[in-house]
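What follows is the content of final01.csv, which has CSV, C-alpha atoms:
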```csv
chain,number,residue,atom,x,y,z
A,129,MET,CA,-7.6,23.7,-24.7
A,130,LEU,CA,-5.9,20.8,-26.3
A,131,PRO,CA,-4.3,21.2,-29.7
A,132,VAL,CA,-6.4,19.8,-32.5
A,133,LEU,CA,-4.9,16.7,-34.2
A,134,LEU,CA,-4.4,16.7,-37.9
A,135,ALA,CA,-6.6,14.7,-40.3
A,136,ALA,CA,-7.3,11.3,-38.8
A,137,SER,CA,-6.8,9.5,-42.1
A,138,LEU,CA,-3.1,10.5,-42.4
A,139,LEU,CA,-1.5,10.6,-38.9
A,140,THR,CA,2.2,10.2,-39.5
A,141,PRO,CA,4.9,10.3,-36.8
A,142,SER,CA,5.8,13.9,-37.7
A,143,GLU,CA,2.1,15.0,-37.5
A,144,ALA,CA,1.7,13.4,-34.1
A,145,ALA,CA,5.0,14.8,-32.7
A,146,VAL,CA,4.3,18.4,-33.8
A,147,GLN,CA,1.3,18.5,-31.5
A,148,VAL,CA,3.4,18.4,-28.4
A,149,GLU,CA,2.8,21.4,-26.1
A,150,PRO,CA,6.1,22.4,-24.4
A,151,THR,CA,4.3,24.5,-21.7
A,152,ARG,CA,2.1,21.6,-20.8
A,153,VAL,CA,5.1,19.2,-20.5
A,154,ILE,CA,7.1,21.5,-18.2
A,155,ASP,CA,4.0,22.2,-16.1
A,156,VAL,CA,3.9,18.5,-15.1
A,157,VAL,CA,7.5,18.7,-13.9
A,158,SER,CA,6.9,21.9,-12.0
A,159,HIS,CA,3.9,20.4,-10.1
A,160,LEU,CA,5.6,17.2,-9.2
A,161,SER,CA,8.9,18.8,-8.1
A,162,GLY,CA,7.6,21.6,-6.0
A,163,GLY,CA,7.8,24.5,-8.5
A,164,SER,CA,4.0,24.8,-8.5
A,165,ASP,CA,1.6,24.0,-5.7
A,166,ILE,CA,-0.7,21.0,-5.5
A,167,ASP,CA,-3.7,21.5,-3.3
A,168,GLY,CA,-2.2,24.7,-1.9
A,169,ALA,CA,1.2,23.5,-1.0
A,170,ALA,CA,4.4,22.5,-2.9
A,171,ILE,CA,5.5,18.8,-3.1
A,172,GLU,CA,8.8,18.5,-1.2
A,173,SER,CA,9.4,14.9,-2.0
A,174,ARG,CA,7.8,11.9,-3.7
A,175,HIS,CA,9.8,9.3,-1.8
A,176,ILE,CA,7.6,6.5,-0.6
A,177,LEU,CA,8.4,7.3,3.1
A,178,HIS,CA,7.7,11.1,2.8
A,179,PRO,CA,4.3,12.5,3.7
A,180,ASP,CA,4.0,14.3,0.4
A,181,HIS,CA,4.2,11.0,-1.5
A,182,ASP,CA,0.4,10.2,-1.6
A,183,ARG,CA,-0.6,13.8,-2.4
A,184,ALA,CA,1.7,13.7,-5.5
A,185,GLY,CA,0.3,10.3,-6.5
A,186,ASP,CA,-3.3,11.6,-6.2
A,187,TRP,CA,-2.5,14.5,-8.4
A,188,LEU,CA,-0.8,12.4,-11.0
A,189,GLN,CA,-3.6,9.8,-11.1
A,190,GLY,CA,-6.1,12.7,-11.5
A,191,ARG,CA,-4.1,14.0,-14.5
A,192,PHE,CA,-4.4,10.6,-16.2
A,193,GLU,CA,-8.0,10.3,-15.3
A,194,ALA,CA,-8.7,13.7,-16.9
A,195,ILE,CA,-7.6,12.4,-20.3
A,196,ASP,CA,-10.7,11.2,-22.3
A,197,GLY,CA,-10.3,7.7,-23.7
A,198,LEU,CA,-8.0,6.3,-21.1
A,199,GLU,CA,-8.9,3.6,-18.7
A,200,VAL,CA,-7.0,4.4,-15.4
A,201,GLN,CA,-6.4,2.2,-12.4
A,202,ALA,CA,-4.2,2.1,-9.4
A,203,GLU,CA,-2.2,-1.1,-8.9
A,204,PRO,CA,-1.5,-1.4,-5.2
A,205,PHE,CA,1.5,-3.1,-3.5
A,206,SER,CA,3.7,-2.8,-0.4
A,207,ALA,CA,7.4,-2.1,0.2
A,208,LEU,CA,9.5,-1.0,3.3
A,209,GLY,CA,6.4,-1.4,5.5
A,210,GLU,CA,4.3,0.9,3.4
A,211,ASP,CA,1.0,-0.7,2.3
A,212,ASP,CA,-0.5,2.1,0.3
A,213,LEU,CA,2.0,2.2,-2.7
A,214,ARG,CA,0.6,2.2,-6.2
A,215,ASN,CA,1.6,2.0,-9.8
A,216,ILE,CA,-0.7,4.2,-11.9
A,217,ILE,CA,-1.8,2.4,-15.1
A,218,ALA,CA,-3.5,4.2,-18.0
A,219,ASP,CA,-4.7,2.0,-20.8
A,220,LEU,CA,-5.6,3.2,-24.3
A,221,PRO,CA,-7.4,0.1,-25.7
A,222,SER,CA,-7.0,-0.8,-29.3
A,223,ALA,CA,-9.9,0.2,-31.6
A,224,ALA,CA,-9.4,-3.0,-33.7
A,225,ALA,CA,-11.7,-6.0,-33.3
A,226,GLU,CA,-8.6,-8.1,-32.5
A,227,PRO,CA,-5.8,-6.0,-30.8
A,228,ALA,CA,-2.5,-6.7,-32.5
A,229,GLY,CA,-0.7,-6.7,-29.2
A,230,ARG,CA,0.3,-4.4,-26.3
A,231,ILE,CA,3.0,-1.7,-26.1
A,232,VAL,CA,4.1,-0.2,-22.8
A,233,PHE,CA,5.5,3.3,-22.1
A,234,ALA,CA,6.7,3.8,-18.6
A,235,ALA,CA,8.5,6.1,-16.1
A,236,HIS,CA,8.7,6.2,-12.3
A,237,TRP,CA,6.9,8.8,-10.2
A,238,ASP,CA,8.7,8.4,-6.8
A,239,SER,CA,11.9,10.4,-6.0
A,240,THR,CA,14.9,10.3,-3.7
A,241,ALA,CA,17.8,12.4,-2.4
A,242,SER,CA,19.8,9.5,-1.1
A,243,ALA,CA,23.1,10.8,-2.5
A,244,GLU,CA,23.2,13.4,0.4
A,245,ASP,CA,25.1,12.4,3.5
A,246,ASP,CA,22.5,13.6,5.9
A,247,TRP,CA,19.5,12.4,3.9
A,248,GLU,CA,16.4,11.3,5.8
A,249,ALA,CA,13.7,9.8,3.6
A,250,ALA,CA,10.7,11.2,5.6
A,251,THR,CA,12.0,14.7,5.9
A,252,THR,CA,14.7,15.7,3.3
A,253,PRO,CA,13.4,17.4,0.2
A,254,ALA,CA,13.7,15.2,-2.9
A,255,PRO,CA,12.1,17.2,-5.7
A,256,GLY,CA,13.2,14.8,-8.4
A,257,ALA,CA,12.5,17.2,-11.3
A,258,ASP,CA,14.8,15.4,-13.7
A,259,ASP,CA,14.6,12.0,-12.0
A,260,ASP,CA,11.9,11.2,-12.9
A,261,ALA,CA,9.2,13.9,-13.2
A,262,SER,CA,10.7,14.5,-16.6
A,263,GLY,CA,9.8,10.9,-17.7
A,264,ILE,CA,6.3,11.2,-16.2
A,265,ALA,CA,5.8,14.4,-18.2
A,266,VAL,CA,6.6,12.6,-21.4
A,267,LEU,CA,4.1,9.8,-20.5
A,268,LEU,CA,1.3,12.3,-19.9
A,269,GLU,CA,2.0,14.3,-23.0
A,270,ALA,CA,2.0,11.2,-25.3
A,271,ALA,CA,-1.1,9.8,-23.6
A,272,THR,CA,-2.9,13.1,-24.1
A,273,LEU,CA,-2.2,13.3,-27.8
A,274,LEU,CA,-2.7,9.6,-28.6
A,275,ALA,CA,-6.0,9.3,-26.7
A,276,ALA,CA,-7.4,12.2,-28.9
A,277,TYR,CA,-6.7,10.3,-32.1
A,278,GLU,CA,-9.8,8.9,-33.9
A,279,PRO,CA,-10.6,6.1,-34.7
A,280,GLY,CA,-7.7,4.6,-32.7
A,281,PHE,CA,-4.8,2.1,-33.0
A,282,ALA,CA,-4.3,-1.5,-33.9
A,283,TYR,CA,-2.3,-2.1,-30.7
A,284,ASP,CA,-3.3,-1.6,-27.0
A,285,LEU,CA,-1.2,1.2,-25.5
A,286,ARG,CA,-0.4,1.2,-21.8
A,287,PHE,CA,1.2,4.1,-19.9
A,288,ILE,CA,2.5,3.2,-16.5
A,289,ALA,CA,3.8,5.5,-13.8
A,290,PHE,CA,5.8,3.1,-11.5
A,291,ASP,CA,6.1,3.7,-7.8
A,292,ALA,CA,9.0,2.7,-5.6
A,293,GLU,CA,11.6,2.6,-8.3
A,294,GLU,CA,14.1,4.3,-6.1
A,295,VAL,CA,14.0,1.5,-3.5
A,296,GLY,CA,14.7,-1.4,-5.8
A,297,LEU,CA,12.4,-1.3,-8.8
A,298,VAL,CA,9.7,-2.7,-6.5
A,299,GLY,CA,6.7,-1.3,-8.5
A,300,SER,CA,7.9,-2.5,-11.8
A,301,PHE,CA,8.8,-6.0,-10.5
A,302,HIS,CA,5.3,-6.2,-9.0
A,303,HIS,CA,3.6,-5.2,-12.2
A,304,VAL,CA,5.6,-7.5,-14.4
A,305,ASP,CA,5.1,-10.4,-12.0
A,306,ALA,CA,1.4,-9.9,-12.2
A,307,LEU,CA,1.0,-9.4,-16.0
A,308,ASP,CA,-2.2,-10.9,-17.4
A,309,GLU,CA,-1.4,-10.3,-21.1
A,310,PRO,CA,1.7,-10.5,-23.2
A,311,VAL,CA,3.7,-7.3,-23.8
A,312,ASP,CA,5.4,-6.8,-27.2
A,313,VAL,CA,7.8,-4.1,-26.0
A,314,ALA,CA,8.3,-1.7,-23.1
A,315,ILE,CA,9.9,1.8,-23.5
A,316,VAL,CA,11.1,3.4,-20.2
A,317,PHE,CA,12.0,7.1,-19.8
A,318,ASP,CA,14.3,7.8,-16.9
A,319,PRO,CA,15.4,10.6,-16.7
A,320,VAL,CA,15.0,12.7,-19.8
A,321,GLY,CA,15.3,16.4,-18.9
A,322,TYR,CA,18.9,17.4,-18.4
A,323,ASN,CA,20.7,19.0,-21.4
A,324,PRO,CA,24.0,20.5,-20.3
A,325,GLY,CA,25.2,23.2,-22.6
A,326,GLY,CA,22.5,22.5,-25.1
A,327,SER,CA,24.3,19.4,-26.3
A,328,GLY,CA,21.1,17.5,-27.0
A,329,LEU,CA,22.4,14.1,-26.1
A,330,LEU,CA,19.8,11.4,-25.7
A,331,TRP,CA,20.7,7.7,-25.4
A,332,PHE,CA,18.9,4.4,-25.1
A,333,ALA,CA,20.2,1.2,-23.6
A,334,TYR,CA,19.1,-2.1,-25.3
A,335,HIS,CA,19.5,-5.7,-24.5
A,336,ALA,CA,21.6,-7.8,-26.9
A,337,ASP,CA,18.7,-10.3,-27.3
A,338,TRP,CA,16.4,-7.5,-28.7
A,339,PRO,CA,18.5,-4.9,-30.5
A,340,GLU,CA,15.6,-4.2,-32.8
A,341,ALA,CA,13.8,-2.5,-29.9
A,342,GLY,CA,16.5,0.2,-30.0
A,343,ASP,CA,16.6,0.3,-33.8
A,344,GLU,CA,12.8,1.1,-33.9
A,345,PHE,CA,13.3,3.9,-31.4
A,346,LEU,CA,16.1,5.4,-33.5
A,347,ALA,CA,13.9,5.1,-36.6
A,348,SER,CA,11.2,7.1,-34.9
A,349,ALA,CA,13.6,9.8,-33.9
A,350,ASP,CA,14.9,9.9,-37.5
A,351,ALA,CA,11.3,10.0,-38.9
A,352,ILE,CA,10.6,13.4,-37.3
A,353,GLY,CA,14.0,14.9,-38.1
A,354,THR,CA,14.8,15.4,-34.4
A,355,TRP,CA,17.5,17.9,-33.5
A,356,LEU,CA,18.6,15.7,-30.6
A,357,ASP,CA,21.7,13.5,-30.9
A,358,VAL,CA,20.2,10.1,-30.3
A,359,SER,CA,22.4,7.0,-30.0
A,360,GLY,CA,22.1,3.5,-28.5
A,361,VAL,CA,24.4,1.4,-26.3
A,362,ASN,CA,24.3,-2.3,-25.5
A,363,GLN,CA,23.6,-2.4,-21.7
A,364,ALA,CA,26.1,-5.2,-21.3
A,365,SER,CA,28.9,-2.8,-22.2
A,366,ILE,CA,28.1,-0.3,-19.4
A,367,GLY,CA,26.9,-2.7,-16.7
A,368,GLY,CA,24.1,-2.0,-14.2
A,369,ASP,CA,21.3,-3.8,-15.9
A,370,ASP,CA,19.0,-3.0,-13.0
A,371,ARG,CA,19.4,0.8,-13.2
A,372,SER,CA,15.7,1.4,-14.1
A,373,ASP,CA,12.3,-0.1,-14.7
A,374,HIS,CA,13.2,-1.8,-18.0
A,375,PHE,CA,15.0,-4.5,-16.0
A,376,PRO,CA,12.0,-6.4,-14.7
A,377,PHE,CA,10.8,-6.7,-18.3
A,378,TRP,CA,14.2,-8.1,-19.4
A,379,GLU,CA,14.1,-10.6,-16.5
A,380,ALA,CA,10.6,-11.8,-17.8
A,381,GLY,CA,11.9,-12.2,-21.4
A,382,ILE,CA,10.2,-9.1,-22.7
A,383,PRO,CA,12.0,-6.7,-25.1
A,384,ALA,CA,12.5,-3.3,-23.5
A,385,ILE,CA,14.7,-0.2,-23.8
A,386,HIS,CA,15.8,2.4,-21.3
A,387,ILE,CA,15.7,6.1,-22.6
A,388,GLY,CA,17.8,8.7,-20.8
A,389,SER,CA,19.5,12.0,-21.2
A,390,PHE,CA,23.3,12.2,-20.9
A,391,PRO,CA,25.2,12.8,-18.8
A,392,GLN,CA,23.5,12.7,-15.4
A,393,PRO,CA,23.3,16.1,-13.7
A,394,PRO,CA,25.4,17.0,-10.7
A,395,ALA,CA,22.1,17.2,-8.7
A,396,TYR,CA,21.3,13.6,-9.4
A,397,HIS,CA,19.6,12.0,-6.3
A,398,THR,CA,20.0,15.2,-4.3
A,399,SER,CA,17.7,18.0,-3.1
A,400,GLY,CA,19.1,20.1,-5.9
A,401,ASP,CA,17.2,18.2,-8.6
A,402,THR,CA,14.8,21.1,-9.1
A,403,LEU,CA,12.9,22.5,-12.0
A,404,GLU,CA,16.0,24.5,-13.0
A,405,VAL,CA,17.8,21.3,-13.9
A,406,VAL,CA,15.3,20.5,-16.7
A,407,ASP,CA,15.6,22.0,-20.2
A,408,SER,CA,12.0,22.5,-21.3
A,409,ALA,CA,12.9,22.4,-25.1
A,410,PHE,CA,14.9,19.3,-24.7
A,411,LEU,CA,12.1,17.6,-22.7
A,412,ALA,CA,9.5,18.6,-25.3
A,413,GLU,CA,11.6,17.1,-28.0
A,414,VAL,CA,11.8,13.8,-26.1
A,415,ALA,CA,8.0,13.9,-25.8
A,416,ALA,CA,7.8,14.4,-29.5
A,417,ILE,CA,10.0,11.4,-30.2
A,418,ALA,CA,8.0,9.3,-27.7
A,419,THR,CA,4.7,10.3,-29.4
A,420,ALA,CA,6.1,9.6,-32.8
A,421,HIS,CA,7.4,6.2,-31.6
A,422,ALA,CA,4.0,5.3,-30.3
A,423,VAL,CA,2.4,6.2,-33.6
A,424,ARG,CA,4.9,4.0,-35.6
A,425,LEU,CA,4.5,1.0,-33.3
A,426,ALA,CA,0.8,1.2,-32.6
A,427,GLU,CA,-0.4,1.4,-36.2
A,428,PRO,CA,-3.2,4.1,-36.5
A,429,LEU,CA,-6.4,2.9,-37.9
A,430,GLU,CA,-8.7,4.6,-40.5
A,431,PRO,CA,-12.4,4.1,-41.1
A,432,ILE,CA,-13.4,2.1,-44.1
A,433,GLU,CA,-15.6,4.1,-46.5
A,434,GLU,CA,-18.4,2.7,-48.6
A,435,GLY,CA,-17.4,1.7,-52.1
A,436,ASP,CA,-13.6,1.5,-51.4
A,437,GLY,CA,-13.3,-2.1,-52.5
A,438,CYS,CA,-14.2,-3.7,-49.2
A,439,THR,CA,-16.4,-6.7,-50.0
A,440,GLY,CA,-18.4,-8.5,-47.3
A,441,CYS,CA,-16.9,-6.4,-44.4
A,442,ASP,CA,-18.2,-3.8,-42.0
A,443,ALA,CA,-17.8,-0.4,-43.8
A,444,SER,CA,-17.6,1.4,-40.4
A,445,ALA,CA,-14.8,-0.8,-39.0
A,446,PRO,CA,-11.4,0.8,-38.7
A,447,ARG,CA,-8.4,-0.8,-40.4
A,448,PRO,CA,-4.6,-0.1,-40.4
A,449,LEU,CA,-3.3,2.8,-42.4
A,450,ASP,CA,-1.2,1.9,-45.4
A,451,GLY,CA,2.4,2.9,-46.0
A,452,GLY,CA,1.5,6.6,-45.5
A,453,ILE,CA,2.1,6.1,-41.8
A,454,LEU,CA,5.8,6.1,-42.3
A,455,LEU,CA,6.0,9.3,-44.4
A,456,VAL,CA,7.9,12.2,-43.0
A,457,LEU,CA,6.3,15.6,-43.7
A,458,ALA,CA,9.2,18.0,-43.8
A,459,ALA,CA,7.0,21.1,-43.3
A,460,VAL,CA,5.5,19.6,-40.1
A,461,ALA,CA,9.0,18.7,-38.8
A,462,LEU,CA,10.3,22.2,-39.4
A,463,GLY,CA,7.3,23.7,-37.7
A,464,ARG,CA,8.4,21.9,-34.4
A,465,ARG,CA,11.6,23.9,-34.5
A,466,THR,CA,9.8,26.9,-33.1
A,467,TRP,CA,10.3,25.5,-29.6
A,468,ARG,CA,13.8,24.3,-30.1
A,469,ARG,CA,16.3,26.0,-27.8
A,470,CYS,CA,18.7,28.2,-29.7
```
Render the structure in this file as structure tokens.
Amino acid sequence: MLPVLLAASLLTPSEAAVQVEPTRVIDVVSHLSGGSDIDGAAIESRHILHPDHDRAGDWLQGRFEAIDGLEVQAEPFSALGEDDLRNIIADLPSAAAEPAGRIVFAAHWDSTASAEDDWEAATTPAPGADDDASGIAVLLEAATLLAAYEPGFAYDLRFIAFDAEEVGLVGSFHHVDALDEPVDVAIVFDPVGYNPGGSGLLWFAYHADWPEAGDEFLASADAIGTWLDVSGVNQASIGGDDRSDHFPFWEAGIPAIHIGSFPQPPAYHTSGDTLEVVDSAFLAEVAAIATAHAVRLAEPLEPIEEGDGCTGCDASAPRPLDGGILLVLAAVALGRRTWRRC
């Protein structure tokens, strides 16, 4: 049973974040990385050339489709001779008469073990628990909670699970090239589950042209009083702009940030990237920040009541909440500490 959201008329970032269910988050990682069976058998790899790839994609698409309020579609494309690849897109349409814009949250669902000398894409296990089942878990959790909010948001929210990231960002380039509506900002989680020694280090990379995208993310983390150590870095200072699915958005002139845990685990891009690499409390906190960030950006709506000063308007139409959206409820933030790793 899903947790019940707090009063619809006062949904703050803290209230949204506290609803995160850690067991549900880590369960997604477990299924996608072989820790739990899917259709009676464990997923060995989600690489686009591995036979388990499609089965993992079917399960993931089914998870999005099971969330009431989302409009889910597969976006097909081809790469490396494979014609049945897909991005999985889950839209939460704005409840406003005129949507204020579109905000994208993304992660990639394929995996690789290419760092191993004897790696074979079609046969070598590539569980990809941290990279990037952790990011997918964040997407599913945020989508679950935000879709349950009534009456909705001023902005369209889009959750995208990109395919074929590990072979050259093919899925995200395909999606961005085919965009039919403007995107205000994209937030990409890849990967976000490794927490060595309980250090709690979470970083984001931003583009010098759009530093405000990173500032907003940091403000959302501050708003819920996160226990993670969140900091940003100008991507130009570390190189490798094309390290994840934020890059195609940058290339198209769209603000985007890349969220990742730090440092990378020793098991990065190997068959050792299993469920044990992922810190469930750390991952749940990232999901909390992501959910809070979506609330801050998407502007929750509230129904207009009769006699509240609205003249000549539809009393049943939702409208944006006032400044209360940015309040931080200390008691709620403290309540989330029950699943902090000690």
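Coordinates place atom CA of Ala169 of chain A at a distance of 29.5 Å from atom CA of Asp373 of chain A.
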request  = Counting only C-alpha atoms, figure out which residue out of A:Asp305, A:Glu430, A:Asp211, A:Asp259 gets nearest to Ala224 of chain A.
outcome  =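 The closest residue to Ala224 of chain A is A:Glu430.
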task = Quick one: everything within 10 Å of Phe410 of chain A, counting all atoms listed in the file, minus sequence neighbours fewer than 5 positions away in the same chain. Send it as a PyMOL selection string.
result = chain A and resi 150+320-323+326-330+355-356+389+415-416+467-469
Prev. selection, C-alpha atoms, output as a PDB file, in the coordinates of the input:
```
ATOM      1  CA  PRO A 150       6.100  22.400 -24.400  1.00  0.00           C
ATOM      2  CA  VAL A 320      15.000  12.700 -19.800  1.00  0.00           C
ATOM      3  CA  GLY A 321      15.300  16.400 -18.900  1.00  0.00           C
ATOM      4  CA  TYR A 322      18.900  17.400 -18.400  1.00  0.00           C
ATOM      5  CA  ASN A 323      20.700  19.000 -21.400  1.00  0.00           C
ATOM      6  CA  GLY A 326      22.500  22.500 -25.100  1.00  0.00           C
ATOM      7  CA  SER A 327      24.300  19.400 -26.300  1.00  0.00           C
ATOM      8  CA  GLY A 328      21.100  17.500 -27.000  1.00  0.00           C
ATOM      9  CA  LEU A 329      22.400  14.100 -26.100  1.00  0.00           C
ATOM     10  CA  LEU A 330      19.800  11.400 -25.700  1.00  0.00           C
ATOM     11  CA  TRP A 355      17.500  17.900 -33.500  1.00  0.00           C
ATOM     12  CA  LEU A 356      18.600  15.700 -30.600  1.00  0.00           C
ATOM     13  CA  SER A 389      19.500  12.000 -21.200  1.00  0.00           C
ATOM     14  CA  ALA A 415       8.000  13.900 -25.800  1.00  0.00           C
ATOM     15  CA  ALA A 416       7.800  14.400 -29.500  1.00  0.00           C
ATOM     16  CA  TRP A 467      10.300  25.500 -29.600  1.00  0.00           C
ATOM     17  CA  ARG A 468      13.800  24.300 -30.100  1.00  0.00           C
ATOM     18  CA  ARG A 469      16.300  26.000 -27.800  1.00  0.00           C
TER      19      ARG A 469
END
```
note = Between atom CA of His175 of chain A and atom CA of Asp196 of chain A lies a distance of 29.1 Å
ask   = Looking at only C-alpha atoms, which of A:Gly360, A:Pro391, A:Gly296, A:Pro339 is the one that sits closest to Gly325 of chain A?
value = A:Pro391
request  = Using all atoms listed in the file, find the one residue out of A:Pro179, A:Gly197, A:Asp167, A:Ser399 that sits nearest to Asp212 of chain A.
outcome  = A:Pro179
task = Would you mind reading off the distance between atom CA of His335 of chain A and atom CA of Pro383 of chain A, one decimal, in Å?
result =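 Pair atom CA of His335 of chain A / atom CA of Pro383 of chain A returns 7.6 Å.
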Please output segment 414-426 of chain A, rebuilt to include N, CA and C atoms, as an mmCIF file, keeping the file's coordinate frame.
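Just written: result35.cif:
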```cif
data_model
loop_
_atom_site.group_PDB
_atom_site.id
_atom_site.type_symbol
_atom_site.label_atom_id
_atom_site.label_comp_id
_atom_site.auth_asym_id
_atom_site.auth_seq_id
_atom_site.Cartn_x
_atom_site.Cartn_y
_atom_site.Cartn_z
ATOM 1 N N VAL A 414 11.918 15.224 -26.499
ATOM 2 C CA VAL A 414 11.800 13.800 -26.100
ATOM 3 C C VAL A 414 10.360 13.363 -26.171
ATOM 4 N N ALA A 415 9.449 14.215 -25.715
ATOM 5 C CA ALA A 415 8.000 13.900 -25.800
ATOM 6 C C ALA A 415 7.576 13.725 -27.237
ATOM 7 N N ALA A 416 8.142 14.536 -28.118
ATOM 8 C CA ALA A 416 7.800 14.400 -29.500
ATOM 9 C C ALA A 416 8.267 13.083 -30.105
ATOM 10 N N ILE A 417 9.480 12.679 -29.743
ATOM 11 C CA ILE A 417 10.000 11.400 -30.200
ATOM 12 C C ILE A 417 9.144 10.251 -29.638
ATOM 13 N N ALA A 418 8.803 10.345 -28.365
ATOM 14 C CA ALA A 418 8.000 9.300 -27.700
ATOM 15 C C ALA A 418 6.640 9.170 -28.426
ATOM 16 N N THR A 419 6.019 10.302 -28.730
ATOM 17 C CA THR A 419 4.700 10.300 -29.400
ATOM 18 C C THR A 419 4.840 9.693 -30.795
ATOM 19 N N ALA A 420 5.875 10.108 -31.514
ATOM 20 C CA ALA A 420 6.100 9.600 -32.800
ATOM 21 C C ALA A 420 6.362 8.063 -32.791
ATOM 22 N N HIS A 421 7.091 7.633 -31.770
ATOM 23 C CA HIS A 421 7.400 6.200 -31.600
ATOM 24 C C HIS A 421 6.123 5.410 -31.388
ATOM 25 N N ALA A 422 5.254 5.940 -30.550
ATOM 26 C CA ALA A 422 4.000 5.300 -30.300
ATOM 27 C C ALA A 422 3.162 5.144 -31.569
ATOM 28 N N VAL A 423 3.166 6.193 -32.389
ATOM 29 C CA VAL A 423 2.400 6.200 -33.600
ATOM 30 C C VAL A 423 2.977 5.074 -34.572
ATOM 31 N N ARG A 424 4.304 5.015 -34.683
ATOM 32 C CA ARG A 424 4.900 4.000 -35.600
ATOM 33 C C ARG A 424 4.605 2.594 -35.105
ATOM 34 N N LEU A 425 4.668 2.368 -33.794
ATOM 35 C CA LEU A 425 4.500 1.000 -33.300
ATOM 36 C C LEU A 425 3.023 0.595 -33.204
ATOM 37 N N ALA A 426 2.147 1.517 -32.868
ATOM 38 C CA ALA A 426 0.800 1.200 -32.600
ATOM 39 C C ALA A 426 -0.149 1.074 -33.779
#
```
